[in-house]
Amino acid sequence: MRQRINVPDFDLAATLDCGQAFRWKRGGDAWYVGVVGREVWRLRQEGHTLEWETDPKPTPNPSKEGNFGLHSKKRNSGLCTKNRDSVIPSSGGAGGGLSEMHITKYLSLDRSLPAIVATFPVDNAPLHAAVRRHWGLRVLRQEPWECLASFIASSSKQIVQIRQIVELLANRFGEPITNADGRARWPQRAEDPRLGEATEPYHSFPSVGVIARASHEHLLACKLGFRAKYLLATARMIDNGDVKLDALRSMEYERALEELVRLPGVGEKIANCVLLFSCGFDEAFPIDVWIERALRRLYFPRKHNVTHRQLREFARSHFGPYAGWAQQCLFFSERMRK
DNA sequence: TGCCAGGCCTGTC
DNA sequence: GACAGGCATGGC
């Protein structure tokens, strides 16, 4: 079944391609296909209209080791209004399929982009130029564990390689997303006629528990390299309850940051990515090599001795309460230059 | 073939 | 606090 909603101030391509999520693929027909929770989503934008297709026969019984056990108690709890609420749907819920509420929350369509941009300092010309270039780019509300694991894998990797690692983790450790009859939902290769009838089901992202009980060797097989030991140790700490991801949303920003950097392989940059992309901390401003390059070029063109610490302070004081949204525009803009 | 990648950890100064 | 080296691997 195909459904549509009106989406002002929104750019699906910029939002899904800007590097904040790693499981979206654009098909030749302009449809984006991705896995969110235990659902395969298909989305397309035409002008101010967002279309999506839902599977008419969702799996009736998600397995006991669901990907989103962290949020199982919050599922289907009604329309969330606070930014830091979890919004990840589960399949097989009442009515099944993909609802407008899930789409709206995941894509942050319930937020006013003009109002957010209005908080950016008026004298920050490079930022406003980036916002104009990528008008409609929104910060997603992703699932914290998948976001954290993906960014642990991102360390010193190119985005194309991160996508590959996340896909390998899902295919090896996740669960196939199938209909009740066992057939793949939205089979991955169906859109590529060169591959004939061959189909492979999409897989959910593996749960914390599954990764915590995986072997180091099996994680290495997913091309994680030296990051394998970090992902394993982090999963075990979370699985043990040493760090509670679902408690982060209710913390102050600084406290949540402190909690995340306790995890092996998680420094300030990765922690800020998780806080921004999955925990609703709009002020989080991840500083990676791209943003550092952009900040130096745009704001300190003739000052060559600016330290990383000074850049951090600059970011904290020059982008306002939605610094993370500003960061994502600058990040995408910087990448597009290349 | 060699550089570099949405970093982090550790040791050294 | 600042900095360098090491860590695995693959795209370009």
# chains A, B, ... in the order shown; residues from 1 in each chain; ligands from 1

$ closest_atom_pairs --of "chain A" --to "chain C" --cutoff "9 Å" --atoms "only C-alpha atoms (C1' of nucleotides)" --output "tab-separated table"
residue	atom	partner	partner_atom	distance
A:Lys157	CA	C:DT9	C1'	8.7
A:Gln158	CA	C:DG11	C1'	7.9
A:Val160	CA	C:DG11	C1'	8.2
A:Gln161	CA	C:DG10	C1'	7.6
A:Lys223	CA	C:DT9	C1'	7.0
A:Leu224	CA	C:DA8	C1'	7.6
A:Gly225	CA	C:DA8	C1'	4.3
A:Phe226	CA	C:DA8	C1'	5.5
A:Arg227	CA	C:DA8	C1'	8.3
A:Thr307	CA	C:DA2	C1'	8.8

$ write_last_selection --atoms "N, CA and C atoms" --output "compact mmCIF listing (two decimals), in the first residue's frame"
# COMPACT_ATOMS: atom_id res chain seq x y z
N LYS A 157 37.46 5.19 9.02
CA LYS A 157 36.93 4.46 7.87
C LYS A 157 36.19 5.43 6.94
N GLN A 158 36.16 5.09 5.67
CA GLN A 158 35.36 5.87 4.74
C GLN A 158 33.90 5.46 4.84
N VAL A 160 31.71 4.68 2.70
CA VAL A 160 31.33 3.50 1.92
C VAL A 160 31.72 2.23 2.65
N GLN A 161 32.84 2.28 3.38
CA GLN A 161 33.28 1.10 4.13
C GLN A 161 32.43 0.91 5.39
N LYS A 223 34.99 -7.24 8.85
CA LYS A 223 35.92 -6.20 8.40
C LYS A 223 36.04 -5.04 9.39
N LEU A 224 35.83 -5.36 10.67
CA LEU A 224 35.92 -4.31 11.68
C LEU A 224 37.37 -3.96 12.03
N GLY A 225 38.29 -4.88 11.77
CA GLY A 225 39.68 -4.60 12.10
C GLY A 225 39.85 -4.36 13.59
N PHE A 226 40.66 -3.34 13.92
CA PHE A 226 40.93 -3.08 15.34
C PHE A 226 39.71 -2.61 16.10
N ARG A 227 38.64 -2.25 15.36
CA ARG A 227 37.41 -1.78 16.02
C ARG A 227 36.61 -2.93 16.61
N THR A 307 43.93 25.43 18.08
CA THR A 307 43.99 24.06 18.59
C THR A 307 42.60 23.41 18.51

$ interface_residues --of "chain A" --to "chain B" --cutoff "8 Å" --atoms "only C-alpha atoms (C1' of nucleotides)" --output "JSON, numbers by chain"
{"A": [19, 151, 154, 155, 156, 157, 158, 159, 265, 266, 267, 269, 270, 288, 289, 290]}

$ write_last_selection --atoms "N, CA and C atoms" --output "compact mmCIF listing (two decimals), in the first residue's frame"
# COMPACT_ATOMS: atom_id res chain seq x y z
N GLY A 19 25.19 11.29 5.72
CA GLY A 19 26.19 10.60 6.53
C GLY A 19 25.81 10.34 7.97
N PHE A 151 28.88 3.93 14.60
CA PHE A 151 29.94 4.94 14.69
C PHE A 151 31.21 4.40 15.33
N SER A 154 32.93 3.30 12.52
CA SER A 154 33.30 4.37 11.59
C SER A 154 34.72 4.89 11.80
N SER A 155 35.30 4.52 12.92
CA SER A 155 36.58 5.09 13.29
C SER A 155 37.63 4.87 12.20
N SER A 156 38.10 5.97 11.64
CA SER A 156 39.13 5.91 10.61
C SER A 156 38.71 5.04 9.43
N LYS A 157 37.46 5.19 9.02
CA LYS A 157 36.93 4.46 7.87
C LYS A 157 36.19 5.43 6.94
N GLN A 158 36.16 5.09 5.67
CA GLN A 158 35.36 5.87 4.74
C GLN A 158 33.90 5.46 4.84
N ILE A 159 33.01 6.38 4.48
CA ILE A 159 31.58 6.11 4.65
C ILE A 159 31.15 4.88 3.87
N GLY A 265 36.41 2.48 22.97
CA GLY A 265 36.31 2.85 21.57
C GLY A 265 35.40 4.04 21.32
N VAL A 266 34.89 4.63 22.39
CA VAL A 266 34.00 5.77 22.25
C VAL A 266 34.66 7.00 22.86
N GLY A 267 35.02 7.93 22.01
CA GLY A 267 35.58 9.20 22.45
C GLY A 267 34.53 10.28 22.30
N LYS A 269 33.98 12.43 19.96
CA LYS A 269 33.34 12.56 18.64
C LYS A 269 32.20 11.55 18.48
N ILE A 270 32.50 10.29 18.72
CA ILE A 270 31.48 9.26 18.56
C ILE A 270 30.34 9.48 19.55
N ASP A 288 34.73 15.99 13.64
CA ASP A 288 35.55 14.99 12.96
C ASP A 288 36.50 15.70 12.01
N VAL A 289 37.19 14.94 11.18
CA VAL A 289 38.18 15.56 10.30
C VAL A 289 37.52 16.52 9.30
N TRP A 290 36.31 16.19 8.87
CA TRP A 290 35.62 17.05 7.89
C TRP A 290 35.19 18.37 8.52

$ atom_distance --atom1 "CA of Thr49 (chain A)" --atom2 "CA of Pro144 (chain A)"
28.4 Å

$ select_by_dssp --residues "region 206-309 of chain A" --states "alpha helix (DSSP H)" --output "PyMOL selection string"
chain A and resi 208-212+216-220+227-239+253-260+268-278+289-299+308-309

$ decode --residues "chain C" --atoms "N, CA and C atoms (P, O5', C5', C4', C3', O3' and C1' of nucleotides)" --output "short mmCIF file (atom, residue, chain, number, x, y, z; two decimals), in the first residue's frame"
data_model
loop_
_atom_site.label_atom_id
_atom_site.label_comp_id
_atom_site.auth_asym_id
_atom_site.auth_seq_id
_atom_site.Cartn_x
_atom_site.Cartn_y
_atom_site.Cartn_z
P DG C 1 43.48 19.39 30.53
"O5'" DG C 1 44.25 20.01 29.28
"C5'" DG C 1 44.55 21.38 29.19
"C4'" DG C 1 45.62 21.57 28.16
"C3'" DG C 1 45.24 21.08 26.77
"O3'" DG C 1 45.74 21.99 25.80
"C1'" DG C 1 47.16 19.91 27.51
P DA C 2 45.40 21.85 24.28
"O5'" DA C 2 46.71 21.21 23.66
"C5'" DA C 2 47.94 21.89 23.83
"C4'" DA C 2 49.04 21.13 23.12
"C3'" DA C 2 48.65 20.58 21.74
"O3'" DA C 2 49.67 20.86 20.82
"C1'" DA C 2 49.42 18.83 23.14
P DC C 3 49.47 20.57 19.28
"O5'" DC C 3 50.28 19.22 19.08
"C5'" DC C 3 51.58 19.11 19.64
"C4'" DC C 3 52.04 17.68 19.56
"C3'" DC C 3 51.64 16.97 18.28
"O3'" DC C 3 52.80 16.65 17.52
"C1'" DC C 3 51.29 15.61 20.22
P DA C 4 52.68 15.97 16.09
"O5'" DA C 4 53.17 14.50 16.43
"C5'" DA C 4 54.23 14.32 17.37
"C4'" DA C 4 54.53 12.84 17.51
"C3'" DA C 4 54.33 12.03 16.23
"O3'" DA C 4 55.33 11.02 16.16
"C1'" DA C 4 52.82 11.26 17.90
P DG C 5 55.50 10.14 14.84
"O5'" DG C 5 55.00 8.72 15.34
"C5'" DG C 5 55.51 8.19 16.57
"C4'" DG C 5 54.79 6.92 16.91
"C3'" DG C 5 54.49 6.02 15.71
"O3'" DG C 5 54.81 4.68 16.05
"C1'" DG C 5 52.48 6.50 16.87
P DG C 6 54.72 3.53 14.96
"O5'" DG C 6 53.46 2.72 15.47
"C5'" DG C 6 53.38 2.33 16.84
"C4'" DG C 6 52.04 1.69 17.10
"C3'" DG C 6 51.57 0.75 15.98
"O3'" DG C 6 51.16 -0.48 16.56
"C1'" DG C 6 49.90 2.36 16.48
P DC C 7 50.87 -1.70 15.65
"O5'" DC C 7 49.27 -1.74 15.63
"C5'" DC C 7 48.55 -1.73 16.86
"C4'" DC C 7 47.10 -1.42 16.57
"C3'" DC C 7 46.51 -2.22 15.40
"O3'" DC C 7 45.38 -2.92 15.86
"C1'" DC C 7 45.91 0.06 15.28
P DA C 8 45.13 -4.34 15.52
"O5'" DA C 8 44.45 -4.05 14.13
"C5'" DA C 8 44.80 -4.72 12.98
"C4'" DA C 8 43.59 -4.80 12.11
"C3'" DA C 8 43.86 -5.47 10.76
"O3'" DA C 8 42.66 -6.12 10.40
"C1'" DA C 8 43.34 -3.17 10.43
P DT C 9 42.63 -7.12 9.23
"O5'" DT C 9 42.05 -6.22 8.06
"C5'" DT C 9 40.81 -5.57 8.24
"C4'" DT C 9 40.60 -4.57 7.15
"C3'" DT C 9 41.06 -5.04 5.75
"O3'" DT C 9 39.88 -5.36 5.04
"C1'" DT C 9 41.54 -2.75 6.18
P DG C 10 39.95 -5.99 3.58
"O5'" DG C 10 39.43 -4.76 2.71
"C5'" DG C 10 38.31 -4.02 3.14
"C4'" DG C 10 38.25 -2.70 2.40
"C3'" DG C 10 38.43 -2.81 0.89
"O3'" DG C 10 37.56 -1.88 0.27
"C1'" DG C 10 40.02 -1.33 1.75
P DG C 11 37.03 -2.13 -1.19
"O5'" DG C 11 36.75 -0.63 -1.67
"C5'" DG C 11 36.07 0.25 -0.79
"C4'" DG C 11 36.45 1.68 -1.11
"C3'" DG C 11 36.48 2.02 -2.58
"O3'" DG C 11 35.92 3.31 -2.78
"C1'" DG C 11 38.61 2.42 -1.64
P DC C 12 35.52 3.76 -4.26
"O5'" DC C 12 36.74 4.70 -4.69
"C5'" DC C 12 37.11 5.79 -3.84
"C4'" DC C 12 38.46 6.31 -4.28
"C3'" DC C 12 38.62 6.39 -5.80
"O3'" DC C 12 38.86 7.74 -6.17
"C1'" DC C 12 40.54 5.42 -4.75
#
